[in-house]
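Here is work_18.txt, consisting of compact mmCIF, N, CA and C atoms:
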# COMPACT_ATOMS: atom_id res chain seq x y z
N MET D 1 107.69 94.91 91.08
CA MET D 1 106.49 95.62 90.65
C MET D 1 105.33 94.63 90.70
N ALA D 2 104.32 94.93 91.48
CA ALA D 2 103.17 94.04 91.60
C ALA D 2 102.20 94.22 90.45
N ASP D 3 102.00 95.41 90.02
CA ASP D 3 101.09 95.71 88.93
C ASP D 3 101.73 96.73 88.03
N ALA D 4 101.19 96.87 86.82
CA ALA D 4 101.67 97.91 85.91
C ALA D 4 100.46 98.56 85.27
N CYS D 5 100.60 99.80 84.99
CA CYS D 5 99.56 100.54 84.27
C CYS D 5 100.15 100.88 82.92
N TRP D 6 99.46 100.56 81.86
CA TRP D 6 99.98 100.92 80.54
C TRP D 6 98.92 101.66 79.78
N SER D 7 99.36 102.50 78.86
CA SER D 7 98.40 103.25 78.07
C SER D 7 98.98 103.49 76.69
N CYS D 8 98.10 103.75 75.75
CA CYS D 8 98.53 104.10 74.40
C CYS D 8 97.62 105.18 73.87
N ALA D 9 98.14 106.03 73.05
CA ALA D 9 97.36 107.10 72.44
C ALA D 9 98.07 107.53 71.17
N ARG D 10 97.31 108.00 70.24
CA ARG D 10 97.89 108.53 69.02
C ARG D 10 98.13 110.02 69.20
N ALA D 11 99.26 110.50 68.75
CA ALA D 11 99.63 111.91 68.93
C ALA D 11 98.50 112.82 68.46
N GLY D 12 98.15 113.75 69.32
CA GLY D 12 97.14 114.73 68.95
C GLY D 12 95.71 114.21 69.03
N ARG D 13 95.50 113.02 69.53
CA ARG D 13 94.15 112.46 69.62
C ARG D 13 93.79 112.20 71.07
N GLU D 14 92.50 112.19 71.31
CA GLU D 14 92.00 111.97 72.66
C GLU D 14 91.87 110.49 73.02
N ASN D 15 91.98 109.60 72.04
CA ASN D 15 91.78 108.17 72.31
C ASN D 15 92.95 107.61 73.10
N VAL D 16 92.66 107.19 74.32
CA VAL D 16 93.68 106.61 75.19
C VAL D 16 93.11 105.34 75.79
N VAL D 17 93.88 104.29 75.79
CA VAL D 17 93.52 103.05 76.45
C VAL D 17 94.43 102.90 77.65
N THR D 18 93.85 102.68 78.82
CA THR D 18 94.64 102.49 80.03
C THR D 18 94.19 101.20 80.68
N ALA D 19 95.12 100.42 81.16
CA ALA D 19 94.78 99.16 81.82
C ALA D 19 95.68 98.94 83.03
N LEU D 20 95.11 98.41 84.08
CA LEU D 20 95.87 97.98 85.24
C LEU D 20 96.02 96.47 85.11
N VAL D 21 97.26 96.02 85.03
CA VAL D 21 97.54 94.63 84.69
C VAL D 21 98.51 94.05 85.71
N ALA D 22 98.22 92.84 86.17
CA ALA D 22 99.14 92.13 87.07
C ALA D 22 100.45 91.89 86.33
N GLU D 23 101.54 91.88 87.08
CA GLU D 23 102.87 91.76 86.47
C GLU D 23 102.99 90.54 85.57
N ASP D 24 102.43 89.43 85.98
CA ASP D 24 102.57 88.22 85.16
C ASP D 24 101.68 88.22 83.91
N ALA D 25 100.84 89.25 83.76
CA ALA D 25 99.98 89.34 82.59
C ALA D 25 100.37 90.46 81.63
N ILE D 26 101.45 91.18 81.94
CA ILE D 26 101.84 92.33 81.11
C ILE D 26 102.12 91.92 79.67
N ASP D 27 102.89 90.86 79.47
CA ASP D 27 103.21 90.45 78.09
C ASP D 27 101.96 90.08 77.31
N ALA D 28 101.06 89.32 77.91
CA ALA D 28 99.83 88.92 77.22
C ALA D 28 98.95 90.12 76.92
N ALA D 29 98.84 91.05 77.86
CA ALA D 29 98.01 92.24 77.64
C ALA D 29 98.61 93.12 76.55
N THR D 30 99.91 93.28 76.56
CA THR D 30 100.57 94.08 75.52
C THR D 30 100.39 93.43 74.16
N ARG D 31 100.55 92.13 74.11
CA ARG D 31 100.35 91.39 72.85
C ARG D 31 98.92 91.59 72.33
N ALA D 32 97.94 91.52 73.22
CA ALA D 32 96.55 91.72 72.83
C ALA D 32 96.33 93.13 72.29
N LEU D 33 96.95 94.10 72.92
CA LEU D 33 96.81 95.48 72.45
C LEU D 33 97.42 95.65 71.06
N PHE D 34 98.60 95.11 70.86
CA PHE D 34 99.22 95.20 69.53
C PHE D 34 98.39 94.46 68.48
N THR D 35 97.83 93.33 68.85
CA THR D 35 97.06 92.52 67.91
C THR D 35 95.73 93.16 67.53
N HIS D 36 95.08 93.82 68.49
CA HIS D 36 93.71 94.30 68.28
C HIS D 36 93.60 95.81 68.13
N SER D 37 94.71 96.49 67.96
CA SER D 37 94.65 97.94 67.76
C SER D 37 95.70 98.34 66.72
N THR D 38 95.74 99.63 66.42
CA THR D 38 96.72 100.12 65.45
C THR D 38 97.94 100.73 66.11
N THR D 39 98.05 100.61 67.42
CA THR D 39 99.16 101.25 68.13
C THR D 39 100.50 100.62 67.76
N LEU D 40 101.53 101.43 67.83
CA LEU D 40 102.90 100.96 67.58
C LEU D 40 103.71 100.87 68.86
N GLY D 41 103.11 101.29 69.97
CA GLY D 41 103.85 101.25 71.24
C GLY D 41 102.95 101.47 72.43
N VAL D 42 103.46 101.09 73.58
CA VAL D 42 102.75 101.31 74.84
C VAL D 42 103.72 101.89 75.86
N ARG D 43 103.19 102.59 76.82
CA ARG D 43 103.99 103.11 77.93
C ARG D 43 103.64 102.31 79.17
N LEU D 44 104.66 101.84 79.85
CA LEU D 44 104.45 101.06 81.08
C LEU D 44 104.92 101.87 82.27
N ARG D 45 104.11 101.85 83.32
CA ARG D 45 104.48 102.51 84.57
C ARG D 45 104.15 101.57 85.73
N PRO D 46 105.11 101.33 86.60
CA PRO D 46 104.78 100.52 87.78
C PRO D 46 103.85 101.32 88.69
N VAL D 47 102.95 100.65 89.31
CA VAL D 47 102.03 101.30 90.24
C VAL D 47 102.04 100.54 91.55
N ALA D 48 101.75 101.24 92.61
CA ALA D 48 101.67 100.64 93.94
C ALA D 48 100.30 100.94 94.51
N ARG D 49 99.88 100.14 95.44
CA ARG D 49 98.57 100.31 96.06
C ARG D 49 98.74 100.29 97.57
N ARG D 50 98.04 101.16 98.21
CA ARG D 50 97.99 101.14 99.66
C ARG D 50 96.53 100.95 100.04
N ALA D 51 96.30 100.08 100.98
CA ALA D 51 94.94 99.78 101.40
C ALA D 51 94.84 99.85 102.91
N LEU D 52 93.67 100.20 103.35
CA LEU D 52 93.41 100.20 104.79
C LEU D 52 93.30 98.76 105.29
N PRO D 53 93.73 98.51 106.52
CA PRO D 53 93.41 97.23 107.11
C PRO D 53 91.89 97.13 107.21
N ARG D 54 91.36 95.92 107.08
CA ARG D 54 89.90 95.77 107.08
C ARG D 54 89.47 94.70 108.07
N ASP D 55 88.23 94.83 108.47
CA ASP D 55 87.59 93.76 109.19
C ASP D 55 86.17 93.64 108.67
N GLU D 56 85.50 92.61 109.11
CA GLU D 56 84.09 92.43 108.76
C GLU D 56 83.33 92.19 110.04
N VAL D 57 82.25 92.93 110.21
CA VAL D 57 81.40 92.78 111.37
C VAL D 57 80.00 92.45 110.90
N VAL D 58 79.19 91.95 111.83
CA VAL D 58 77.80 91.65 111.52
C VAL D 58 76.94 92.52 112.43
N VAL D 59 76.02 93.25 111.82
CA VAL D 59 75.08 94.07 112.57
C VAL D 59 73.67 93.53 112.32
N ARG D 60 72.76 93.86 113.22
CA ARG D 60 71.38 93.44 113.05
C ARG D 60 70.54 94.66 112.68
N VAL D 61 69.86 94.55 111.53
CA VAL D 61 68.99 95.62 111.05
C VAL D 61 67.58 95.06 111.01
N GLU D 62 66.72 95.59 111.87
CA GLU D 62 65.33 95.14 111.93
C GLU D 62 65.23 93.62 112.08
N GLY D 63 66.18 93.05 112.86
CA GLY D 63 66.16 91.62 113.12
C GLY D 63 66.92 90.77 112.12
N PHE D 64 67.47 91.35 111.07
CA PHE D 64 68.21 90.60 110.05
C PHE D 64 69.70 90.91 110.15
N GLU D 65 70.52 89.87 110.00
CA GLU D 65 71.96 90.06 110.03
C GLU D 65 72.46 90.59 108.69
N VAL D 66 73.30 91.62 108.77
CA VAL D 66 73.91 92.22 107.58
C VAL D 66 75.41 92.33 107.84
N ARG D 67 76.21 91.69 106.98
CA ARG D 67 77.66 91.80 107.10
C ARG D 67 78.11 93.17 106.57
N VAL D 68 79.10 93.74 107.24
CA VAL D 68 79.62 95.06 106.86
C VAL D 68 81.14 95.01 106.89
N LYS D 69 81.76 95.41 105.79
CA LYS D 69 83.23 95.53 105.74
C LYS D 69 83.59 96.94 106.19
N ARG D 70 84.64 97.01 107.02
CA ARG D 70 85.09 98.31 107.52
C ARG D 70 86.57 98.48 107.21
N GLY D 71 86.93 99.68 106.72
CA GLY D 71 88.32 100.07 106.55
C GLY D 71 88.75 100.82 107.79
N LEU D 72 89.87 100.43 108.37
CA LEU D 72 90.29 101.00 109.65
C LEU D 72 91.53 101.86 109.50
N LEU D 73 91.51 103.00 110.16
CA LEU D 73 92.67 103.89 110.24
C LEU D 73 92.94 104.13 111.71
N ASP D 74 94.11 103.76 112.16
CA ASP D 74 94.46 103.84 113.58
C ASP D 74 93.43 103.10 114.43
N GLY D 75 92.93 102.00 113.91
CA GLY D 75 91.99 101.16 114.65
C GLY D 75 90.54 101.62 114.63
N GLU D 76 90.27 102.74 113.99
CA GLU D 76 88.91 103.28 113.94
C GLU D 76 88.35 103.14 112.53
N PRO D 77 87.06 102.80 112.40
CA PRO D 77 86.47 102.69 111.06
C PRO D 77 86.37 104.05 110.37
N VAL D 78 86.92 104.13 109.16
CA VAL D 78 86.82 105.36 108.38
C VAL D 78 85.99 105.16 107.12
N THR D 79 85.88 103.92 106.67
CA THR D 79 84.99 103.59 105.56
C THR D 79 84.22 102.33 105.95
N VAL D 80 82.96 102.29 105.55
CA VAL D 80 82.15 101.10 105.82
C VAL D 80 81.31 100.81 104.59
N GLN D 81 81.12 99.52 104.32
CA GLN D 81 80.29 99.13 103.19
C GLN D 81 79.55 97.85 103.55
N ALA D 82 78.23 97.95 103.61
CA ALA D 82 77.41 96.78 103.90
C ALA D 82 77.37 95.87 102.68
N GLU D 83 77.27 94.56 102.95
CA GLU D 83 77.16 93.57 101.87
C GLU D 83 75.79 93.71 101.22
N TYR D 84 75.82 93.98 99.92
CA TYR D 84 74.59 94.25 99.18
C TYR D 84 73.62 93.07 99.26
N ALA D 85 74.12 91.85 99.10
CA ALA D 85 73.24 90.68 99.09
C ALA D 85 72.49 90.55 100.41
N ASP D 86 73.19 90.78 101.53
CA ASP D 86 72.54 90.71 102.84
C ASP D 86 71.48 91.79 102.97
N ALA D 87 71.82 93.00 102.55
CA ALA D 87 70.88 94.13 102.64
C ALA D 87 69.68 93.91 101.73
N ALA D 88 69.92 93.39 100.54
CA ALA D 88 68.82 93.15 99.59
C ALA D 88 67.86 92.11 100.13
N ALA D 89 68.40 91.05 100.74
CA ALA D 89 67.54 90.00 101.30
C ALA D 89 66.69 90.56 102.44
N ALA D 90 67.31 91.35 103.31
CA ALA D 90 66.57 91.97 104.42
C ALA D 90 65.52 92.93 103.89
N ALA D 91 65.89 93.74 102.92
CA ALA D 91 64.96 94.73 102.36
C ALA D 91 63.74 94.05 101.73
N GLU D 92 63.98 92.96 101.03
CA GLU D 92 62.87 92.24 100.39
C GLU D 92 61.91 91.68 101.44
N ARG D 93 62.47 91.08 102.49
CA ARG D 93 61.63 90.50 103.54
C ARG D 93 60.88 91.58 104.31
N LEU D 94 61.49 92.75 104.45
CA LEU D 94 60.88 93.83 105.23
C LEU D 94 60.01 94.76 104.39
N GLY D 95 60.12 94.64 103.06
CA GLY D 95 59.38 95.55 102.19
C GLY D 95 59.92 96.97 102.26
N MET D 96 61.22 97.08 102.42
CA MET D 96 61.88 98.39 102.53
C MET D 96 62.85 98.55 101.38
N PRO D 97 63.22 99.81 101.06
CA PRO D 97 64.25 100.03 100.03
C PRO D 97 65.61 99.49 100.49
N VAL D 98 66.35 98.91 99.57
CA VAL D 98 67.68 98.38 99.88
C VAL D 98 68.57 99.50 100.42
N ARG D 99 68.47 100.69 99.83
CA ARG D 99 69.30 101.82 100.28
C ARG D 99 69.11 102.09 101.76
N THR D 100 67.89 101.96 102.25
CA THR D 100 67.61 102.20 103.67
C THR D 100 68.37 101.19 104.53
N ILE D 101 68.34 99.93 104.13
CA ILE D 101 69.04 98.88 104.89
C ILE D 101 70.54 99.11 104.82
N LEU D 102 71.08 99.42 103.63
CA LEU D 102 72.51 99.69 103.49
C LEU D 102 72.95 100.82 104.40
N ASP D 103 72.20 101.92 104.39
CA ASP D 103 72.55 103.09 105.20
C ASP D 103 72.49 102.77 106.69
N HIS D 104 71.45 102.05 107.10
CA HIS D 104 71.29 101.72 108.52
C HIS D 104 72.41 100.79 108.99
N ALA D 105 72.73 99.78 108.19
CA ALA D 105 73.80 98.85 108.55
C ALA D 105 75.14 99.57 108.67
N ALA D 106 75.41 100.47 107.73
CA ALA D 106 76.67 101.23 107.76
C ALA D 106 76.74 102.10 109.01
N ALA D 107 75.63 102.74 109.36
CA ALA D 107 75.62 103.59 110.56
C ALA D 107 75.87 102.76 111.81
N LEU D 108 75.25 101.60 111.89
CA LEU D 108 75.48 100.73 113.04
C LEU D 108 76.94 100.30 113.12
N ALA D 109 77.52 99.93 111.99
CA ALA D 109 78.91 99.46 111.97
C ALA D 109 79.88 100.58 112.31
N ARG D 110 79.55 101.80 111.95
CA ARG D 110 80.42 102.94 112.27
C ARG D 110 80.43 103.21 113.77
N GLY D 111 79.26 103.13 114.39
CA GLY D 111 79.15 103.55 115.78
C GLY D 111 79.30 102.43 116.79
N ALA D 112 79.25 101.21 116.35
CA ALA D 112 79.29 100.10 117.29
C ALA D 112 80.71 99.79 117.72
N SER D 113 80.87 99.45 118.99
CA SER D 113 82.18 99.05 119.48
C SER D 113 82.43 97.59 119.17
N GLN D 114 83.68 97.17 119.30
CA GLN D 114 84.03 95.77 119.05
C GLN D 114 83.19 94.85 119.94
N SER D 115 83.01 95.22 121.22
CA SER D 115 82.27 94.35 122.13
C SER D 115 80.80 94.24 121.74
N GLU D 116 80.25 95.30 121.19
CA GLU D 116 78.85 95.26 120.76
C GLU D 116 78.67 94.38 119.53
N LEU D 117 79.70 94.30 118.68
CA LEU D 117 79.59 93.58 117.42
C LEU D 117 80.21 92.19 117.47
N GLY D 118 80.93 91.85 118.51
CA GLY D 118 81.63 90.58 118.53
C GLY D 118 83.02 90.75 117.96
N THR D 119 83.75 89.70 117.89
CA THR D 119 85.12 89.75 117.40
C THR D 119 85.13 89.63 115.88
N PRO D 120 85.53 90.69 115.16
CA PRO D 120 85.58 90.61 113.71
C PRO D 120 86.76 89.76 113.25
N GLU D 121 86.60 89.14 112.11
CA GLU D 121 87.69 88.38 111.52
C GLU D 121 88.35 89.23 110.46
N PRO D 122 89.66 89.45 110.53
CA PRO D 122 90.35 90.25 109.52
C PRO D 122 90.20 89.60 108.15
N GLU D 123 90.05 90.45 107.13
CA GLU D 123 89.93 89.96 105.77
C GLU D 123 91.30 89.58 105.24
N LYS D 124 91.38 88.48 104.51
CA LYS D 124 92.65 88.04 103.94
C LYS D 124 93.17 89.11 102.97
N GLY D 125 94.48 89.31 102.97
CA GLY D 125 95.10 90.25 102.05
C GLY D 125 95.20 91.66 102.61
N ALA D 126 94.60 91.89 103.77
CA ALA D 126 94.71 93.23 104.36
C ALA D 126 96.09 93.36 104.99
N PRO D 127 96.70 94.54 104.85
CA PRO D 127 98.04 94.74 105.41
C PRO D 127 98.04 94.70 106.91
Go ahead and render the structure in this file as structure tokens.
Amino acid sequence: MADACWSCARAGRENVVTALVAEDAIDAATRALFTHSTTLGVRLRPVARRALPRDEVVVRVEGFEVRVKRGLLDGEPVTVQAEYADAAAAAERLGMPVRTILDHAAALARGASQSELGTPEPEKGAP
């Protein structure tokens, strides 16, 4: 089990605490819950995560480089997220809203081919 999700609630009450905890931190997190709450027990459930393989590409927006992370399904980008810091820096220099730069960078990363963007480097930890 890589991670565990635990929760506690008092019967008939809406108060529920839920936490996603790494396996090696379960004992410490449970101890903290017992120490800092009135609960008498916790429920543990193993959880699994599936993630898209990812890459990172660089696009040019109005002359500024913006890094964009892409989630790939069957080799095609299905999710894209521009790096906020890059977009914010470009937006400040251009006097444009950050949202405009984020949207433009994402659109470029969605439609651009590998050859247009260069060779992306896979992100560590991607399956």
Quiz item: Within 8 Å of (78.6, 93.6, 101.3), in the coordinates the file gives, what residues turn up when you count only N, CA and C atoms, written out as a VMD selection string?
Solution: chain D and resid 66 to 69 81 to 87
Quick one: residues within 10 Å of Pro97 in chain D, only C-alpha atoms, excluding same-chain residues fewer than 5 positions away - as a tab-separated table (two decimals) with N, CA and C atoms, in the coordinates of the input?
chain	number	residue	atom	x	y	z
D	87	ALA	N	71.82	93.00	102.55
D	87	ALA	CA	70.88	94.13	102.64
D	87	ALA	C	69.68	93.91	101.73
D	88	ALA	N	69.92	93.39	100.54
D	88	ALA	CA	68.82	93.15	99.59
D	88	ALA	C	67.86	92.11	100.13
D	90	ALA	N	67.31	91.35	103.31
D	90	ALA	CA	66.57	91.97	104.42
D	90	ALA	C	65.52	92.93	103.89
D	91	ALA	N	65.89	93.74	102.92
D	91	ALA	CA	64.96	94.73	102.36
D	91	ALA	C	63.74	94.05	101.73
D	92	GLU	N	63.98	92.96	101.03
D	92	GLU	CA	62.87	92.24	100.39
D	92	GLU	C	61.91	91.68	101.44
D	102	LEU	N	71.08	99.42	103.63
D	102	LEU	CA	72.51	99.69	103.49
D	102	LEU	C	72.95	100.82	104.40
Exercise. Work out how far apart CA of Thr79 in chain D and CA of Met96 in chain D are and give it in Å to one decimal.
Key: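 Computing it gives 23.9 Å between the two atoms.
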Exercise. Measure the distance from atom C of Ala89 in chain D to atom C of Glu56 in chain D in Å and round it to one decimal.
Key: 18.4 Å
Quiz prompt | Å distance separating atom N of Leu73 in chain D from atom N of Thr100 in chain D, one decimal place | solution =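 Answer for the atom N of Leu73 in chain D to atom N of Thr100 in chain D separation: 24.9 Å.
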Can range 27-38 of chain D be brought up to all heavy atoms and written out as an mmCIF file, keeping the file's coordinate frame?
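File produced: selection_25.cif:
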data_model
loop_
_atom_site.group_PDB
_atom_site.id
_atom_site.type_symbol
_atom_site.label_atom_id
_atom_site.label_comp_id
_atom_site.auth_asym_id
_atom_site.auth_seq_id
_atom_site.Cartn_x
_atom_site.Cartn_y
_atom_site.Cartn_z
ATOM 1 N N ASP D 27 102.890 90.860 79.470
ATOM 2 C CA ASP D 27 103.210 90.450 78.090
ATOM 3 C C ASP D 27 101.960 90.080 77.310
ATOM 4 O O ASP D 27 101.798 90.477 76.161
ATOM 5 C CB ASP D 27 104.213 89.295 78.094
ATOM 6 C CG ASP D 27 105.602 89.721 78.555
ATOM 7 O OD1 ASP D 27 105.903 90.935 78.483
ATOM 8 O OD2 ASP D 27 106.374 88.848 78.988
ATOM 9 N N ALA D 28 101.060 89.320 77.910
ATOM 10 C CA ALA D 28 99.830 88.920 77.220
ATOM 11 C C ALA D 28 98.950 90.120 76.920
ATOM 12 O O ALA D 28 98.372 90.232 75.819
ATOM 13 C CB ALA D 28 99.069 87.895 78.053
ATOM 14 N N ALA D 29 98.840 91.050 77.860
ATOM 15 C CA ALA D 29 98.010 92.240 77.640
ATOM 16 C C ALA D 29 98.610 93.120 76.550
ATOM 17 O O ALA D 29 97.874 93.650 75.705
ATOM 18 C CB ALA D 29 97.871 93.021 78.949
ATOM 19 N N THR D 30 99.910 93.280 76.560
ATOM 20 C CA THR D 30 100.570 94.080 75.520
ATOM 21 C C THR D 30 100.390 93.430 74.160
ATOM 22 O O THR D 30 100.094 94.103 73.165
ATOM 23 C CB THR D 30 102.067 94.256 75.850
ATOM 24 O OG1 THR D 30 102.186 94.884 77.135
ATOM 25 C CG2 THR D 30 102.771 95.117 74.821
ATOM 26 N N ARG D 31 100.550 92.130 74.110
ATOM 27 C CA ARG D 31 100.350 91.390 72.850
ATOM 28 C C ARG D 31 98.920 91.590 72.330
ATOM 29 O O ARG D 31 98.696 91.819 71.151
ATOM 30 C CB ARG D 31 100.648 89.914 73.078
ATOM 31 C CG ARG D 31 100.549 89.091 71.821
ATOM 32 C CD ARG D 31 100.966 87.642 72.108
ATOM 33 N NE ARG D 31 101.089 86.900 70.898
ATOM 34 C CZ ARG D 31 102.129 86.920 70.082
ATOM 35 N NH1 ARG D 31 103.166 87.684 70.372
ATOM 36 N NH2 ARG D 31 102.145 86.214 68.977
ATOM 37 N N ALA D 32 97.940 91.520 73.220
ATOM 38 C CA ALA D 32 96.550 91.720 72.830
ATOM 39 C C ALA D 32 96.330 93.130 72.290
ATOM 40 O O ALA D 32 95.631 93.325 71.285
ATOM 41 C CB ALA D 32 95.616 91.448 74.002
ATOM 42 N N LEU D 33 96.950 94.100 72.920
ATOM 43 C CA LEU D 33 96.810 95.480 72.450
ATOM 44 C C LEU D 33 97.420 95.650 71.060
ATOM 45 O O LEU D 33 96.802 96.249 70.170
ATOM 46 C CB LEU D 33 97.479 96.448 73.427
ATOM 47 C CG LEU D 33 97.304 97.920 73.092
ATOM 48 C CD1 LEU D 33 95.835 98.311 73.129
ATOM 49 C CD2 LEU D 33 98.089 98.770 74.048
ATOM 50 N N PHE D 34 98.600 95.110 70.860
ATOM 51 C CA PHE D 34 99.220 95.200 69.530
ATOM 52 C C PHE D 34 98.390 94.460 68.480
ATOM 53 O O PHE D 34 98.257 94.903 67.343
ATOM 54 C CB PHE D 34 100.636 94.631 69.555
ATOM 55 C CG PHE D 34 101.649 95.505 70.250
ATOM 56 C CD1 PHE D 34 102.645 94.947 71.034
ATOM 57 C CD2 PHE D 34 101.619 96.890 70.120
ATOM 58 C CE1 PHE D 34 103.591 95.746 71.670
ATOM 59 C CE2 PHE D 34 102.554 97.692 70.745
ATOM 60 C CZ PHE D 34 103.544 97.123 71.525
ATOM 61 N N THR D 35 97.830 93.330 68.850
ATOM 62 C CA THR D 35 97.060 92.520 67.910
ATOM 63 C C THR D 35 95.730 93.160 67.530
ATOM 64 O O THR D 35 95.303 93.112 66.382
ATOM 65 C CB THR D 35 96.779 91.122 68.526
ATOM 66 O OG1 THR D 35 98.027 90.499 68.819
ATOM 67 C CG2 THR D 35 95.998 90.242 67.575
ATOM 68 N N HIS D 36 95.080 93.820 68.490
ATOM 69 C CA HIS D 36 93.710 94.300 68.280
ATOM 70 C C HIS D 36 93.600 95.810 68.130
ATOM 71 O O HIS D 36 92.482 96.347 68.179
ATOM 72 C CB HIS D 36 92.826 93.816 69.419
ATOM 73 C CG HIS D 36 92.758 92.321 69.502
ATOM 74 N ND1 HIS D 36 92.075 91.554 68.587
ATOM 75 C CD2 HIS D 36 93.329 91.457 70.378
ATOM 76 C CE1 HIS D 36 92.207 90.281 68.909
ATOM 77 N NE2 HIS D 36 92.966 90.192 69.979
ATOM 78 N N SER D 37 94.710 96.490 67.960
ATOM 79 C CA SER D 37 94.650 97.940 67.760
ATOM 80 C C SER D 37 95.700 98.340 66.720
ATOM 81 O O SER D 37 96.456 97.511 66.235
ATOM 82 C CB SER D 37 94.915 98.687 69.072
ATOM 83 O OG SER D 37 96.277 98.630 69.420
ATOM 84 N N THR D 38 95.740 99.630 66.420
ATOM 85 C CA THR D 38 96.720 100.120 65.450
ATOM 86 C C THR D 38 97.940 100.730 66.110
ATOM 87 O O THR D 38 98.796 101.296 65.430
ATOM 88 C CB THR D 38 96.066 101.178 64.534
ATOM 89 O OG1 THR D 38 95.599 102.257 65.351
ATOM 90 C CG2 THR D 38 94.911 100.575 63.751
#
